[in-house]
$ cat run25.txt   # compact mmCIF, C-alpha atoms
# COMPACT_ATOMS: atom_id res chain seq x y z
CA MET D 28 -42.77 -4.07 26.68
CA GLY D 29 -40.16 -1.52 27.63
CA ILE D 30 -39.31 2.10 27.39
CA CYS D 31 -38.92 3.40 23.86
CA SER D 32 -37.25 6.64 22.95
CA SER D 33 -36.54 8.25 19.66
CA CYS D 34 -34.07 10.89 18.71
CA GLU D 35 -33.75 12.74 15.47
CA SER D 36 -30.35 13.35 13.98
CA THR D 37 -29.56 17.02 13.59
CA SER D 38 -26.65 16.42 11.24
CA VAL D 39 -27.20 17.21 7.58
CA VAL D 40 -25.92 14.87 4.92
CA THR D 41 -23.58 16.78 2.63
CA ALA D 42 -21.70 16.27 -0.61
CA LYS D 43 -17.99 16.48 0.20
CA VAL D 44 -15.25 17.57 -2.21
CA ILE D 45 -11.58 17.11 -1.34
CA LEU D 46 -9.61 19.82 -3.14
CA GLN D 47 -6.05 19.46 -4.43
CA ASP D 48 -4.61 21.25 -1.39
CA GLY D 49 -6.40 18.88 1.01
CA GLN D 50 -9.16 21.33 1.92
CA LEU D 51 -12.67 19.97 2.33
CA GLN D 52 -15.67 21.70 0.76
CA GLU D 53 -19.08 20.58 1.97
CA PHE D 54 -22.37 21.33 0.23
CA SER D 55 -25.62 20.83 2.13
CA TYR D 56 -27.61 22.10 -0.84
CA PRO D 57 -27.76 20.88 -4.45
CA VAL D 58 -24.75 22.12 -6.40
CA LYS D 59 -23.59 21.38 -9.93
CA VAL D 60 -20.07 20.28 -10.77
CA SER D 61 -19.67 23.42 -12.91
CA TYR D 62 -20.04 25.57 -9.77
CA VAL D 63 -17.16 23.78 -8.04
CA LEU D 64 -15.04 24.00 -11.20
CA MET D 65 -15.55 27.79 -11.44
CA LYS D 66 -13.38 28.14 -8.34
CA ASN D 67 -11.01 25.34 -9.46
CA PRO D 68 -10.65 25.70 -13.26
CA SER D 69 -7.52 23.53 -13.57
CA CYS D 70 -9.30 20.50 -12.06
CA PHE D 71 -11.90 17.89 -12.82
CA ILE D 72 -14.27 16.27 -10.32
CA CYS D 73 -14.49 12.51 -9.87
CA ASN D 74 -16.54 10.34 -7.53
CA SER D 75 -14.49 8.36 -5.01
CA ASP D 76 -16.77 5.33 -5.50
CA GLU D 77 -15.72 5.08 -9.14
CA MET D 78 -11.96 5.17 -8.52
CA GLU D 79 -10.05 1.89 -8.84
CA PHE D 80 -6.40 0.87 -9.04
CA ASP D 81 -4.95 0.85 -12.55
CA ASP D 82 -8.22 2.16 -13.99
CA GLN D 83 -8.59 5.41 -15.93
CA LEU D 84 -10.00 8.36 -14.03
CA SER D 85 -13.09 9.91 -15.56
CA ALA D 86 -14.65 13.29 -14.88
CA ILE D 87 -18.23 13.88 -13.80
CA ASN D 88 -20.17 15.98 -16.33
CA ASP D 89 -20.34 19.71 -15.57
CA ASP D 90 -24.14 19.73 -15.51
CA GLU D 91 -24.45 16.89 -12.96
CA GLU D 92 -25.28 17.65 -9.34
CA LEU D 93 -23.11 16.44 -6.49
CA GLN D 94 -25.00 13.84 -4.48
CA PRO D 95 -25.38 14.20 -0.68
CA GLY D 96 -23.45 11.55 1.21
CA GLN D 97 -20.88 11.13 -1.56
CA LEU D 98 -17.18 11.95 -1.47
CA TYR D 99 -15.60 13.60 -4.50
CA PHE D 100 -12.06 14.59 -5.43
CA ALA D 101 -10.92 17.65 -7.38
CA LEU D 102 -7.92 16.36 -9.32
CA PRO D 103 -5.61 18.12 -11.80
CA LEU D 104 -6.59 17.88 -15.47
CA SER D 105 -3.26 16.13 -16.15
CA LYS D 106 -4.64 13.02 -14.34
CA LEU D 107 -7.77 12.80 -16.51
CA ARG D 108 -7.97 9.52 -18.48
CA TYR D 109 -4.80 8.15 -16.85
CA PRO D 110 -4.68 5.12 -14.56
CA LEU D 111 -4.42 5.73 -10.84
CA THR D 112 -1.39 4.07 -9.23
CA PRO D 113 -1.62 2.44 -5.80
CA GLU D 114 0.66 5.17 -4.41
CA GLU D 115 -1.63 7.91 -5.74
CA MET D 116 -4.67 6.09 -4.36
CA ALA D 117 -3.02 5.85 -0.93
CA SER D 118 -2.12 9.54 -1.05
CA LEU D 119 -5.72 10.48 -1.85
CA ALA D 120 -6.99 8.26 0.98
CA VAL D 121 -4.65 9.97 3.46
CA LYS D 122 -5.65 13.41 2.17
CA ALA D 123 -9.36 12.59 2.47
CA SER D 124 -9.03 11.05 5.94
CA SER D 125 -7.10 14.08 7.16
CA ALA D 126 -9.66 16.51 5.73
CA LEU D 127 -12.56 14.56 7.22
CA MET D 128 -10.88 14.45 10.63
CA LYS D 129 -10.34 18.22 10.56
CA CYS D 130 -13.97 18.91 9.74
CA GLY D 131 -15.06 16.77 12.70
CA GLY D 132 -13.09 18.82 15.23
CA GLY D 133 -14.28 21.38 17.75
CA HIS D 134 -17.40 20.86 19.85
CA ASN D 135 -19.06 18.69 17.23
CA ARG D 136 -17.21 15.50 18.13
CA ARG D 137 -18.22 13.30 15.23
CA GLN D 138 -16.65 9.94 14.69
CA VAL D 139 -15.22 9.63 11.20
CA ALA D 140 -14.34 6.30 9.66
CA PRO D 141 -11.11 6.31 7.64
CA VAL D 142 -11.46 6.45 3.88
CA THR D 143 -10.74 3.16 2.16
CA PHE D 144 -10.76 2.17 -1.46
CA THR D 145 -11.61 -1.27 -2.74
CA VAL D 146 -9.79 -3.34 -5.29
CA SER D 147 -11.70 -3.88 -8.51
CA GLU D 148 -14.04 -6.88 -8.75
CA ARG D 149 -11.78 -8.80 -11.10
CA LYS D 150 -8.98 -8.78 -8.52
CA THR D 151 -11.36 -9.62 -5.68
CA ARG D 152 -12.70 -12.65 -7.51
CA ARG D 153 -9.16 -13.94 -7.97
CA GLU D 154 -8.49 -13.65 -4.24
CA MET D 155 -11.79 -15.15 -3.07
CA THR D 156 -13.37 -18.51 -3.79
CA ASN D 157 -17.05 -19.29 -3.22
CA VAL D 158 -17.56 -22.42 -1.15
CA GLY D 159 -20.99 -23.95 -0.55
CA GLY D 160 -22.76 -22.39 -3.54
CA GLY D 161 -25.89 -20.26 -3.52
CA ASN D 162 -26.34 -16.81 -2.09
CA CYS D 163 -25.55 -17.99 1.43
CA GLY D 164 -22.24 -19.64 0.55
CA ARG D 165 -19.14 -19.08 2.63
CA LEU D 166 -16.18 -17.14 1.33
CA VAL D 167 -12.70 -18.49 1.86
CA ALA D 168 -9.62 -16.39 1.15
CA GLU D 169 -6.99 -18.19 -0.88
CA LYS D 170 -3.53 -18.61 0.60
CA ARG D 171 -1.12 -15.87 -0.45
CA LYS D 172 2.65 -16.27 -0.63
CA THR D 173 4.82 -13.66 1.02
CA LYS D 174 7.22 -11.56 -1.05
CA SER D 175 10.19 -13.38 0.46
CA GLY D 176 8.85 -16.71 -0.77
CA GLY D 177 8.53 -17.98 2.80
CA ARG D 178 5.53 -19.74 4.22
CA GLY D 179 3.92 -16.66 5.82
CA ARG D 180 0.64 -16.86 7.71
CA ASN D 181 -2.15 -18.98 6.33
CA PHE D 182 -5.16 -16.71 6.75
CA THR D 183 -8.55 -18.20 6.09
CA SER D 184 -11.69 -16.21 6.76
CA MET D 185 -14.91 -18.17 7.11
CA LEU D 186 -18.10 -16.16 6.72
CA GLY D 187 -21.54 -17.66 6.76
CA ALA D 188 -25.19 -16.71 6.90
CA ILE D 189 -27.01 -16.66 10.22
CA PRO D 190 -30.35 -18.48 9.97
CA GLU D 191 -33.30 -16.61 11.45
$ encode --input "run25.txt" --output "structure tokens"
Amino acid sequence: MGICSSCESTSVVTAKVILQDGQLQEFSYPVKVSYVLMKNPSCFICNSDEMEFDDQLSAINDDEELQPGQLYFALPLSKLRYPLTPEEMASLAVKASSALMKCGGGHNRRQVAPVTFTVSERKTRREMTNVGGGNCGRLVAEKRKTKSGGRGRNFTSMLGAIPE
């Protein structure tokens, strides 16, 4: 059979808010958006999972609770209802990655994955083609031309299901 061991994680899942100055606020207890906004009145809070390129930013309602395991941004009110440019998205990703790395320092040597944002589904569908049909079909990336108009690398990713 073998030797089995179990260990319980002592880390607590927290809701994380990246403030405008790059500081990270973590909440291990339920907290409403209005509480965070009391200390940051010129901001609104948005969920990082709902942010997309060229899509309007929307605020989370004041009476909603921040969810553990989620990453949020406190952004200036001037950005509310305006599309997020790729440059701004990259800047937020760098700010979040830096804040998350800082919180993982010291004796608690946690490994933090860098923050990444995905392109909206409509752009992804344009770049990917389903081959083979069904839920287990393979995805093949379409060939992209380089900016210089040259041939560039022909990158094709083949993914498939592993039968059990």
$ residues_around --input "run25.txt" --residues "segment 80-84 of chain D" --least-positions-apart "2" --cutoff "12 Å" --atoms "all atoms listed in the file" --output "PyMOL selection string"
chain D and resi 71-78+86-87+100-117+144-150
$ axis_aligned_box --input "run25.txt" --around "segment 94-99 of chain D" --padding-each-side "8 Å" --output "lines of an AutoDock Vina configuration file"
center_x = -20.5
center_y = 12.7
center_z = -1.6
size_x = 25.8
size_y = 19.1
size_z = 21.7
$ residues_near_point --input "run25.txt" --point "(-19.6, 20.6, 1.3)" --cutoff "7 Å" --atoms "only C-alpha atoms" --output "list in words"
Thr41, Ala42, Lys43, Val44, Gln52, Glu53, Phe54 and Ser55 of chain D
$ atom_distance --input "run25.txt" --atom1 "atom CA of Asp89 of chain D" --atom2 "atom CA of Ser61 of chain D"
4.6 Å
$ atom_distance --input "run25.txt" --atom1 "atom CA of Ser85 of chain D" --atom2 "atom CA of Ala120 of chain D"
17.7 Å
$ atom_distance --input "run25.txt" --atom1 "atom CA of Lys129 of chain D" --atom2 "atom CA of Leu51 of chain D"
8.7 Å
$ closest_residue --input "run25.txt" --among "D:Leu46, D:Ala123, D:Leu64, D:Val40" --to "Gln97 of chain D" --atoms "all atoms listed in the file"
D:Val40
$ closest_residue --input "run25.txt" --among "D:Leu119, D:Leu93, D:Met128, D:Cys70" --to "Val58 of chain D" --atoms "only C-alpha atoms"
D:Leu93
